[in-house]
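Asker: Before I ask anything, here is the structure I am working with.
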2 protein chains.
Amino acid sequence: MKIETHLLDQQTKIETWLRSQFHRTPPPFYSSVDLRNSGFKLAPVDTNLFPAGFNNLNPAFLPLCIQAVQAAVERICPDAARLLVVPENHTRNMFYLEALATLVDIIRRAGFEVRVGSLLPDLDAPREILLPSGRSLLLEPVIRDGNEVRVGDFQPCAVLLNNDLSSGAPAILQGLSRPVVPPMALGWHRRLKSEHFAQYRRVAFEFAQLIDLDPWFIDPLFRKCGEINFMRREGEDCVATNTAALLDDIKRKYDEYGVDKEPFVIVKADSGTYGMGIMTVRNAEEIYVLNRKQRTSMSASKEGQSITKVILQEGVYSFETFGPDHAVAEPVVYMIDRYVVGGFYRLHTERGPDENLNAPGMKFEPLSFAEPCNNPDQAQPPDAGPNRFYAYGVVARLALLAAAREAKMCE
Amino acid sequence: MKIETHLLDQQTKIETWLRSQFHRTPPPFYSSVDLRNSGFKLAPVDTNLFPAGFNNLNPAFLPLCIQAVQAAVERICPDAARLLVVPENHTRNMFYLEALATLVDIIRRAGFEVRVGSLLPDLDAPREILLPSGRSLLLEPVIRDGNEVRVGDFQPCAVLLNNDLSSGAPAILQGLSRPVVPPMALGWHRRLKSEHFAQYRRVAFEFAQLIDLDPWFIDPLFRKCGEINFMRREGEDCVATNTAALLDDIKRKYDEYGVDKEPFVIVKADSGTYGMGIMTVRNAEEIYVLNRKQRTSMSASKEGQSITKVILQEGVYSFETFGPDHAVAEPVVYMIDRYVVGGFYRLHTERGPDENLNAPGMKFEPLSFAEPCNNPDQAQPPDAGPNRFYAYGVVARLALLAAAREAKMCE
């Protein structure tokens, strides 16, 4: 059973269903979804609602981003045309700042006025940052006036968050009369991966019924544990017990479909990001014998937030490789509004097919999406480029729909 | 004064205005606009609401068409997903049929079910036509059931007309409970170019006020005459008098801006299409001394419809040339919904810069739009490719807005 074939055969049914779903539950402004493709399974493993990395997309597809931004902003600000982008507080992470500059560029080319409002605590005047690409970014301090925000005399019709709020929802953005998109309730200070994947499980179930598929082919099994402190060895039993149960569940599915591979589990912070606080576990006993380095890395996430909750997720092998070094590759799909606008492969030559690739040493292959994801070709074999990418775009949009339902829960 | 510079400088203002205009007056489903660029003037000369020629677009930009079709159809059929395309009654015009196949392909890739319902009078069973590209098209007879139409057991949620209705609105499509888009009232059996350009004149005036421009830079002057029969030499005085007046008006504008060129006028059928019934006039006296061939060509339009009304339009030189032969070139811009999705140059090596290029011997240069029109680059000079194309996209959308207002008048 090739998942790609199944999705291609039912394309019209799928698109109709997605359309009606997003009609009912509008998608978040933008999103990037990490997928893993083991050949027998194609599943999302992380859904980012404050995506960076737009500079890694194939520049040939920027027009798709522009068109999608026009549709997305029109829904938020039907008349006005001024967006304030509030980014992460990075000033030296040039990868991030280049991505931010590309995002700003896309919005500007879509015909909107856009400025960057920084939350950097020590920023008291506009600060220009020159980028390696030769571009520059102007970070301006956000000013609060009553229930409006501005930078200088620029009053936006909406705030576009590109900050995942790992350290909490900033007071300066609370209670505004203008929309903040995506809503702050979707920041990592509140959001839990386990809630996302609980929503995704329901989406996958409905979708699988629609096209007559075992949802397991697109849905990673998971369990969760709270009250965890890896440093103080608190909650280990919960993690070990659930890991064992999850490994059993995966084994049963592997047996059902004759998959001759060793099951594995990914343990990760339930609200973690940046690829931090993630480990691969092949045997529940490993949980009791973690070394100091492993305990440390599982104790704090981005910006030093301590990890007290984890999600245990079925590991999905990545049997895609790229280039002469056969680097393990996982696709990352970008969406703006409900449109798939591009993507790239995340590559890592030092990691195995059962490991997290979002780690120092990763590379991006912007050109590997040779064709955009919305352009399947029935005349080609199911795993030909455009068709595989169509399948990626479908599964990524299922994760987007799960995120849309998360957002609706928060309203 | 470069028009391109002016448009680029005010991009945000322009996009905001177009957005609010199309919010108020939704655009027709699709459109292609013929432009002429004389360097000192950039103006639409024909707006086609039943465009063929999608196969001449750069295939790299098909994803833009797909995304735009998704937005357009969603507005017409929020839930259902079945479109019936009703094409021209051509069976041997392979250029047209290839264009039709590309249109069908775009709609299918956008995730809709689509079939082709032909109005061919002698078609009593589905008929497959093999195309030079190796593709095939299935033409099926349209069947009327009460106030619905179908082909076979396929019941569409809407009819997409790709037939300009030169011979009238077919009874089988009248009084349907489902939408017909574009509305039949925009067919050439009722539509007049002079009404379109009267709407365009108002649009150009409003737009020119917005960005502080003499509207003449984007608006071709025109006059009109009814009760014409070139064969029987009826109405010649009206045409000659108005041609003389128009030549004077153009001369005054040329003098105002120091344009050292000879004014000319294009006389064309007020509801003509396919480049038929068009002539260039440099002197009003010419009208009285037309030869037999000229009279014949000005007497009947597509499908033998007789020409009784003409529009006299300011001729706009085309000083763009293309290729080693310096073929005279005019840009044709394609839009789906309110999105510019591509275009090409129409070329003619046998025609001068003051002549109609839509004539036997014309060629298309699909690759010459090296960049899509929605992607201006402030960092490049105003007449660099992406910026010139941005200007084309703006003026084409002004013509689209005029067509939207025409449609509203017909409601």
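Following the order of the structure tokens, chains are lettered A, B, ..., residues in each are numbered from 1, and ligands are numbered from 1.
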Find the spatial neighbours of range 305-308 of chain A, counting only C-alpha atoms, within a cut-off of 9 Å - ignore same-chain residues fewer than 3 positions away - and output them as an MDAnalysis selection string.

Answerer: chainID A and resid 166:167 225:230 269:272 277 298:302

Asker: Any chance you could tabulate, as CSV, the residues of chain A at most 7 Å from chain B with each one's nearest atom pair and distance in Å to one decimal, using only C-alpha atoms, in chain and rising number order?

Answerer:
```
residue,atom,partner,partner_atom,distance
A:Gln11,CA,B:Gly111,CA,6.2
A:Thr12,CA,B:Gly111,CA,4.7
A:Glu15,CA,B:Gly111,CA,5.2
A:Thr16,CA,B:Ala81,CA,6.2
A:Ser20,CA,B:Asp79,CA,6.0
A:Pro63,CA,B:Asn375,CA,6.3
A:Leu64,CA,B:Leu64,CA,6.1
A:Asp79,CA,B:Ser20,CA,6.1
A:Ala81,CA,B:Thr16,CA,6.3
A:Arg109,CA,B:Asn375,CA,6.0
A:Gly111,CA,B:Thr12,CA,4.7
A:Phe112,CA,B:Thr12,CA,5.5
A:Glu113,CA,B:Thr12,CA,6.3
A:Asn374,CA,B:Pro63,CA,6.6
A:Asn375,CA,B:Arg109,CA,6.0
A:Pro376,CA,B:Arg109,CA,6.5
```

Asker: Mind listing the strand (DSSP E) residues of range 107-348 of chain A, per DSSP on the backbone, as number ranges by chain?

Answerer: A: 113-118, 127-130, 136-141, 143-145, 148-150, 158-162, 180-181, 222-225, 265-269, 278-281, 310-314, 321-322, 327-336, 339-348

Asker: Which residues are close to Gly175 in chain B, i.e. within 10 Å by only C-alpha atoms, leaving aside same-chain residues fewer than 4 positions away? Reply as a PyMOL selection string.

Answerer: chain B and resi 146-148+171+179-180

Asker: Where in range 189-382 of chain B does DSSP assign alpha helix (DSSP H), given as a VMD selection string?

Answerer: chain B and resid 193 to 211 236 to 256 292 to 297

Asker: Include N, CA and C atoms and write out the residues we just selected as a short mmCIF file (atom, residue, chain, number, x, y, z; two decimals), in the first residue's frame.

Answerer:
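out27.cif was written with the following content:
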```cif
data_model
loop_
_atom_site.label_atom_id
_atom_site.label_comp_id
_atom_site.auth_asym_id
_atom_site.auth_seq_id
_atom_site.Cartn_x
_atom_site.Cartn_y
_atom_site.Cartn_z
N LYS B 193 -17.54 46.89 -26.21
CA LYS B 193 -16.23 47.42 -25.79
C LYS B 193 -16.38 48.86 -25.31
N SER B 194 -17.28 49.61 -25.95
CA SER B 194 -17.41 51.02 -25.56
C SER B 194 -17.94 51.16 -24.13
N GLU B 195 -18.75 50.17 -23.70
CA GLU B 195 -19.20 50.23 -22.30
C GLU B 195 -18.07 49.87 -21.36
N HIS B 196 -17.28 48.88 -21.77
CA HIS B 196 -16.12 48.51 -20.95
C HIS B 196 -15.19 49.71 -20.79
N PHE B 197 -14.90 50.38 -21.92
CA PHE B 197 -13.94 51.48 -21.82
C PHE B 197 -14.54 52.73 -21.17
N ALA B 198 -15.87 52.83 -21.15
CA ALA B 198 -16.49 53.91 -20.38
C ALA B 198 -16.29 53.63 -18.88
N GLN B 199 -16.46 52.36 -18.49
CA GLN B 199 -16.17 51.98 -17.10
C GLN B 199 -14.67 52.17 -16.80
N TYR B 200 -13.85 51.76 -17.76
CA TYR B 200 -12.41 51.86 -17.53
C TYR B 200 -11.99 53.32 -17.36
N ARG B 201 -12.63 54.21 -18.13
CA ARG B 201 -12.29 55.63 -18.03
C ARG B 201 -12.51 56.13 -16.60
N ARG B 202 -13.64 55.70 -16.00
CA ARG B 202 -13.92 56.10 -14.61
C ARG B 202 -12.90 55.49 -13.64
N VAL B 203 -12.61 54.20 -13.85
CA VAL B 203 -11.61 53.54 -12.99
C VAL B 203 -10.27 54.26 -13.10
N ALA B 204 -9.86 54.54 -14.32
CA ALA B 204 -8.56 55.20 -14.53
C ALA B 204 -8.54 56.58 -13.88
N PHE B 205 -9.67 57.28 -13.96
CA PHE B 205 -9.75 58.61 -13.36
C PHE B 205 -9.58 58.51 -11.84
N GLU B 206 -10.31 57.59 -11.22
CA GLU B 206 -10.21 57.43 -9.76
C GLU B 206 -8.79 57.03 -9.36
N PHE B 207 -8.25 56.07 -10.12
CA PHE B 207 -6.91 55.57 -9.81
C PHE B 207 -5.86 56.67 -9.98
N ALA B 208 -6.01 57.45 -11.04
CA ALA B 208 -5.05 58.51 -11.33
C ALA B 208 -5.07 59.58 -10.24
N GLN B 209 -6.29 59.85 -9.72
CA GLN B 209 -6.38 60.79 -8.59
C GLN B 209 -5.64 60.25 -7.38
N LEU B 210 -5.83 58.95 -7.14
CA LEU B 210 -5.21 58.31 -5.98
C LEU B 210 -3.70 58.48 -5.99
N ILE B 211 -3.10 58.28 -7.18
CA ILE B 211 -1.63 58.29 -7.22
C ILE B 211 -1.09 59.52 -7.94
N GLU B 236 -20.62 56.21 -42.53
CA GLU B 236 -19.23 56.65 -42.75
C GLU B 236 -18.94 58.02 -42.15
N ASP B 237 -19.93 58.93 -42.26
CA ASP B 237 -19.69 60.28 -41.76
C ASP B 237 -19.42 60.28 -40.26
N CYS B 238 -20.19 59.48 -39.54
CA CYS B 238 -19.98 59.40 -38.08
C CYS B 238 -18.56 58.94 -37.80
N VAL B 239 -18.13 57.90 -38.48
CA VAL B 239 -16.79 57.35 -38.24
C VAL B 239 -15.73 58.38 -38.60
N ALA B 240 -15.90 59.03 -39.76
CA ALA B 240 -14.89 59.99 -40.21
C ALA B 240 -14.80 61.19 -39.28
N THR B 241 -15.96 61.73 -38.91
CA THR B 241 -15.99 62.90 -38.03
C THR B 241 -15.36 62.60 -36.68
N ASN B 242 -15.74 61.45 -36.13
CA ASN B 242 -15.21 61.09 -34.81
C ASN B 242 -13.73 60.72 -34.86
N THR B 243 -13.32 60.12 -35.98
CA THR B 243 -11.89 59.83 -36.13
C THR B 243 -11.10 61.13 -36.15
N ALA B 244 -11.60 62.10 -36.90
CA ALA B 244 -10.91 63.39 -36.98
C ALA B 244 -10.82 64.04 -35.60
N ALA B 245 -11.92 64.01 -34.86
CA ALA B 245 -11.93 64.62 -33.53
C ALA B 245 -10.97 63.90 -32.58
N LEU B 246 -10.96 62.60 -32.71
CA LEU B 246 -10.10 61.80 -31.83
C LEU B 246 -8.63 62.06 -32.16
N LEU B 247 -8.32 62.13 -33.46
CA LEU B 247 -6.93 62.41 -33.86
C LEU B 247 -6.49 63.76 -33.30
N ASP B 248 -7.41 64.73 -33.33
CA ASP B 248 -7.11 66.05 -32.75
C ASP B 248 -6.82 65.94 -31.25
N ASP B 249 -7.69 65.20 -30.57
CA ASP B 249 -7.52 65.05 -29.11
C ASP B 249 -6.17 64.40 -28.79
N ILE B 250 -5.83 63.37 -29.55
CA ILE B 250 -4.55 62.68 -29.30
C ILE B 250 -3.40 63.65 -29.56
N LYS B 251 -3.53 64.41 -30.68
CA LYS B 251 -2.46 65.36 -31.03
C LYS B 251 -2.24 66.36 -29.90
N ARG B 252 -3.33 66.82 -29.31
CA ARG B 252 -3.20 67.78 -28.20
C ARG B 252 -2.42 67.17 -27.03
N LYS B 253 -2.71 65.90 -26.71
CA LYS B 253 -1.99 65.24 -25.62
C LYS B 253 -0.52 65.03 -26.01
N TYR B 254 -0.29 64.64 -27.27
CA TYR B 254 1.10 64.45 -27.74
C TYR B 254 1.87 65.77 -27.60
N ASP B 255 1.21 66.88 -27.98
CA ASP B 255 1.88 68.19 -27.87
C ASP B 255 2.17 68.54 -26.42
N GLU B 256 1.17 68.25 -25.57
CA GLU B 256 1.32 68.58 -24.14
C GLU B 256 2.55 67.89 -23.55
N ARG B 292 -12.32 47.20 -51.19
CA ARG B 292 -13.32 46.15 -50.98
C ARG B 292 -12.90 45.21 -49.85
N LYS B 293 -11.59 44.85 -49.82
CA LYS B 293 -11.09 43.91 -48.82
C LYS B 293 -11.28 44.49 -47.41
N GLN B 294 -10.96 45.79 -47.28
CA GLN B 294 -11.11 46.43 -45.97
C GLN B 294 -12.58 46.47 -45.55
N ARG B 295 -13.46 46.80 -46.54
CA ARG B 295 -14.89 46.85 -46.21
C ARG B 295 -15.40 45.48 -45.76
N THR B 296 -14.94 44.44 -46.47
CA THR B 296 -15.37 43.08 -46.10
C THR B 296 -14.92 42.75 -44.69
N SER B 297 -13.64 43.03 -44.41
CA SER B 297 -13.13 42.63 -43.09
C SER B 297 -13.79 43.43 -41.97
#
```

Asker: From the list A:Pro121, A:Glu406, A:Lys41, A:Leu7, which residue is nearest Trp216 in chain A when using only C-alpha atoms?

Answerer: A:Lys41
